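Chemist: Structure: upload05.pdb, PDB, C-alpha atoms, pLDDT in the B column.
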ATOM      1  CA  MET K 190     102.362  -1.934 177.323  1.00 62.00           C
ATOM      2  CA  LYS K 191     102.656   0.667 174.564  1.00 62.00           C
ATOM      3  CA  ASN K 192     105.674   2.230 176.290  1.00 62.00           C
ATOM      4  CA  THR K 193     107.406  -1.156 176.492  1.00 63.00           C
ATOM      5  CA  ILE K 194     106.862  -1.798 172.793  1.00 60.00           C
ATOM      6  CA  LEU K 195     108.103   1.695 171.873  1.00 57.00           C
ATOM      7  CA  LEU K 196     111.162   1.367 174.096  1.00 59.00           C
ATOM      8  CA  THR K 197     111.992  -2.066 172.694  1.00 61.00           C
ATOM      9  CA  GLY K 198     111.595  -0.760 169.144  1.00 59.00           C
ATOM     10  CA  ALA K 199     113.789   2.258 169.857  1.00 58.00           C
ATOM     11  CA  LEU K 200     116.533   0.068 171.340  1.00 55.00           C
ATOM     12  CA  PHE K 201     116.356  -2.284 168.348  1.00 54.00           C
ATOM     13  CA  VAL K 202     116.768   0.618 165.900  1.00 50.00           C
ATOM     14  CA  ALA K 203     119.620   2.112 167.949  1.00 50.00           C
ATOM     15  CA  MET K 204     121.516  -1.186 167.927  1.00 51.00           C
ATOM     16  CA  PHE K 205     121.579  -1.313 164.134  1.00 52.00           C
ATOM     17  CA  THR K 206     122.281   2.370 163.452  1.00 52.00           C
ATOM     18  CA  VAL K 207     125.354   2.654 165.677  1.00 57.00           C
ATOM     19  CA  SER K 208     128.573   2.157 163.726  1.00 63.00           C
ATOM     20  CA  CYS K 209     130.910  -0.467 165.077  1.00 85.00           C
ATOM     21  CA  LYS K 210     134.556   0.323 165.571  1.00 90.00           C
ATOM     22  CA  LYS K 211     136.925  -2.242 164.139  1.00 95.00           C
ATOM     23  CA  ASP K 212     140.623  -2.420 163.370  1.00 97.00           C
ATOM     24  CA  TYR K 213     141.416  -1.197 159.857  1.00 98.00           C
ATOM     25  CA  THR K 214     144.886  -1.462 158.350  1.00 98.00           C
ATOM     26  CA  CYS K 215     146.195   1.443 156.291  1.00 98.00           C
ATOM     27  CA  ASN K 216     149.042   0.493 153.926  1.00 98.00           C
ATOM     28  CA  CYS K 217     151.156   3.242 152.397  1.00 98.00           C
ATOM     29  CA  GLU K 218     153.479   2.930 149.411  1.00 97.00           C
ATOM     30  CA  LYS K 219     156.149   5.414 148.358  1.00 97.00           C
ATOM     31  CA  THR K 220     156.707   5.783 144.618  1.00 96.00           C
ATOM     32  CA  TYR K 221     159.804   7.546 143.281  1.00 96.00           C
ATOM     33  CA  THR K 222     159.670   8.988 139.782  1.00 93.00           C
ATOM     34  CA  SER K 223     162.796   9.676 137.752  1.00 85.00           C
ATOM     35  CA  GLY K 224     163.843   9.903 134.126  1.00 81.00           C
ATOM     36  CA  SER K 225     164.498   6.160 134.080  1.00 83.00           C
ATOM     37  CA  GLY K 226     161.044   5.161 135.378  1.00 89.00           C
ATOM     38  CA  THR K 227     159.301   4.626 138.695  1.00 92.00           C
ATOM     39  CA  THR K 228     160.120   2.605 141.783  1.00 93.00           C
ATOM     40  CA  THR K 229     157.469   1.656 144.333  1.00 95.00           C
ATOM     41  CA  ARG K 230     158.057   0.201 147.781  1.00 95.00           C
ATOM     42  CA  ASN K 231     156.154  -0.300 151.007  1.00 96.00           C
ATOM     43  CA  TYR K 232     156.471   2.775 153.163  1.00 95.00           C
ATOM     44  CA  SER K 233     154.406   2.379 156.337  1.00 97.00           C
ATOM     45  CA  VAL K 234     151.459   0.565 157.916  1.00 97.00           C
ATOM     46  CA  TYR K 235     148.987   2.098 160.354  1.00 97.00           C
ATOM     47  CA  THR K 236     146.160   0.460 162.278  1.00 97.00           C
ATOM     48  CA  TYR K 237     143.085   2.492 163.156  1.00 96.00           C
ATOM     49  CA  LYS K 238     140.365   1.296 165.538  1.00 96.00           C
ATOM     50  CA  ASP K 239     137.481   3.300 164.171  1.00 96.00           C
ATOM     51  CA  THR K 240     134.532   3.172 161.802  1.00 96.00           C
ATOM     52  CA  ARG K 241     135.363   2.398 158.164  1.00 96.00           C
ATOM     53  CA  THR K 242     134.604   5.946 156.994  1.00 96.00           C
ATOM     54  CA  ARG K 243     136.733   7.583 159.669  1.00 97.00           C
ATOM     55  CA  ALA K 244     139.569   5.083 159.178  1.00 97.00           C
ATOM     56  CA  GLU K 245     139.595   5.817 155.438  1.00 97.00           C
ATOM     57  CA  THR K 246     139.681   9.556 156.112  1.00 97.00           C
ATOM     58  CA  ARG K 247     142.575   9.188 158.549  1.00 97.00           C
ATOM     59  CA  CYS K 248     144.411   6.862 156.158  1.00 98.00           C
ATOM     60  CA  ASN K 249     143.983   9.227 153.194  1.00 97.00           C
ATOM     61  CA  ALA K 250     145.406  12.067 155.298  1.00 97.00           C
ATOM     62  CA  ASN K 251     148.794  10.288 155.123  1.00 97.00           C
ATOM     63  CA  THR K 252     148.917  10.694 151.322  1.00 96.00           C
ATOM     64  CA  SER K 253     151.507  13.256 150.223  1.00 97.00           C
ATOM     65  CA  SER K 254     154.179  14.088 147.675  1.00 97.00           C
ATOM     66  CA  GLY K 255     157.475  15.930 147.625  1.00 96.00           C
ATOM     67  CA  THR K 256     161.175  15.667 146.984  1.00 94.00           C
ATOM     68  CA  ASP K 257     163.973  14.152 149.053  1.00 91.00           C
ATOM     69  CA  LEU K 258     167.446  12.718 148.425  1.00 88.00           C
ATOM     70  CA  GLY K 259     165.901   9.921 146.358  1.00 84.00           C
ATOM     71  CA  GLY K 260     164.124  12.359 144.023  1.00 90.00           C
ATOM     72  CA  ASN K 261     160.460  13.174 143.479  1.00 95.00           C
ATOM     73  CA  TYR K 262     158.058  10.922 145.343  1.00 96.00           C
ATOM     74  CA  ALA K 263     154.382  10.311 146.010  1.00 97.00           C
ATOM     75  CA  ILE K 264     153.043   8.508 149.087  1.00 97.00           C
ATOM     76  CA  ASN K 265     149.719   6.759 148.444  1.00 98.00           C
ATOM     77  CA  CYS K 266     147.759   5.172 151.278  1.00 98.00           C
ATOM     78  CA  ALA K 267     144.693   2.945 151.258  1.00 97.00           C
ATOM     79  CA  ILE K 268     142.738   0.715 153.626  1.00 96.00           C
ATOM     80  CA  LYS K 269     143.415  -2.947 152.849  1.00 88.00           C
TER      81      LYS K 269
END
Spit out the file's structure as structure tokens when you get a sec.
Modeler:
Amino acid sequence: MKNTILLTGALFVAMFTVSCKKDYTCNCEKTYTSGSGTTTRNYSVYTYKDTRTRAETRCNANTSSGTDLGGNYAINCAIK
């Protein structure tokens, strides 16, 4: 009887401590900066089936900055 109660309790705790994987959408925007101001536009969208923490980490890894033919830019990504 004690083993059954312990096993049931352990399964109950395990059910609520396991993180659920869901689909999280990562939206990225590219912002160009020039002498005349800034221009922001949608850049890309990613979908991650993961835990919220891991999806945020993967999304933030897409953040970058640099220079191309349009000028200086920054890519900012966030889970929406």
Chemist: Name the residues in contact with Thr252 in chain K at a cut-off of 9 Å, using only C-alpha atoms, excluding same-chain residues fewer than 5 positions from it; report them as a list in words.
Modeler: Cys217, Ala263, Ile264, Asn265, Cys266 and Ala267 of chain K
Chemist: Kindly extract all protein, DNA and RNA residues lying within 9 Å of the coordinates (144.7, -6.4, 150.8) given in the file, considering all atoms listed in the file, and supply them as a list of chain:residue names.
Modeler: K:Asn216, K:Ile268, K:Lys269
Chemist: When you draw a straight line from CA of Tyr262 in chain K to CA of Arg247 in chain K, how long is it in Å?
Modeler: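 For CA of Tyr262 in chain K relative to CA of Arg247 in chain K, the distance reads 20.4 Å.
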Chemist: Written as a VMD selection string, what is the full residue list that the PyMOL selection byres ((chain K and resi 229-233) around 8) yields on the file shown?
Modeler: chain K and resid 216 to 221 227 to 228 234 to 235 264
Chemist: Translate the PyMOL selection byres ((chain K and resi 243) around 12), as applied to the file shown, into an explicit residue set as a PDB file with C-alpha atoms, in the coordinates of the input.
Modeler:
ATOM      1  CA  SER K 208     128.573   2.157 163.726  1.00 63.00           C
ATOM      2  CA  CYS K 209     130.910  -0.467 165.077  1.00 85.00           C
ATOM      3  CA  LYS K 210     134.556   0.323 165.571  1.00 90.00           C
ATOM      4  CA  LYS K 211     136.925  -2.242 164.139  1.00 95.00           C
ATOM      5  CA  ASP K 212     140.623  -2.420 163.370  1.00 97.00           C
ATOM      6  CA  TYR K 213     141.416  -1.197 159.857  1.00 98.00           C
ATOM      7  CA  CYS K 215     146.195   1.443 156.291  1.00 98.00           C
ATOM      8  CA  TYR K 237     143.085   2.492 163.156  1.00 96.00           C
ATOM      9  CA  LYS K 238     140.365   1.296 165.538  1.00 96.00           C
ATOM     10  CA  ASP K 239     137.481   3.300 164.171  1.00 96.00           C
ATOM     11  CA  THR K 240     134.532   3.172 161.802  1.00 96.00           C
ATOM     12  CA  ARG K 241     135.363   2.398 158.164  1.00 96.00           C
ATOM     13  CA  THR K 242     134.604   5.946 156.994  1.00 96.00           C
ATOM     14  CA  ALA K 244     139.569   5.083 159.178  1.00 97.00           C
ATOM     15  CA  GLU K 245     139.595   5.817 155.438  1.00 97.00           C
ATOM     16  CA  THR K 246     139.681   9.556 156.112  1.00 97.00           C
ATOM     17  CA  ARG K 247     142.575   9.188 158.549  1.00 97.00           C
ATOM     18  CA  CYS K 248     144.411   6.862 156.158  1.00 98.00           C
ATOM     19  CA  ASN K 249     143.983   9.227 153.194  1.00 97.00           C
ATOM     20  CA  ALA K 250     145.406  12.067 155.298  1.00 97.00           C
ATOM     21  CA  ILE K 268     142.738   0.715 153.626  1.00 96.00           C
TER      22      ILE K 268
END
Chemist: As a PyMOL selection string, please: the residues near Gly260 in chain K (cut-off 10 Å, all atoms listed in the file, same-chain neighbours under 3 positions excluded).
Modeler: chain K and resi 220-223+255-257
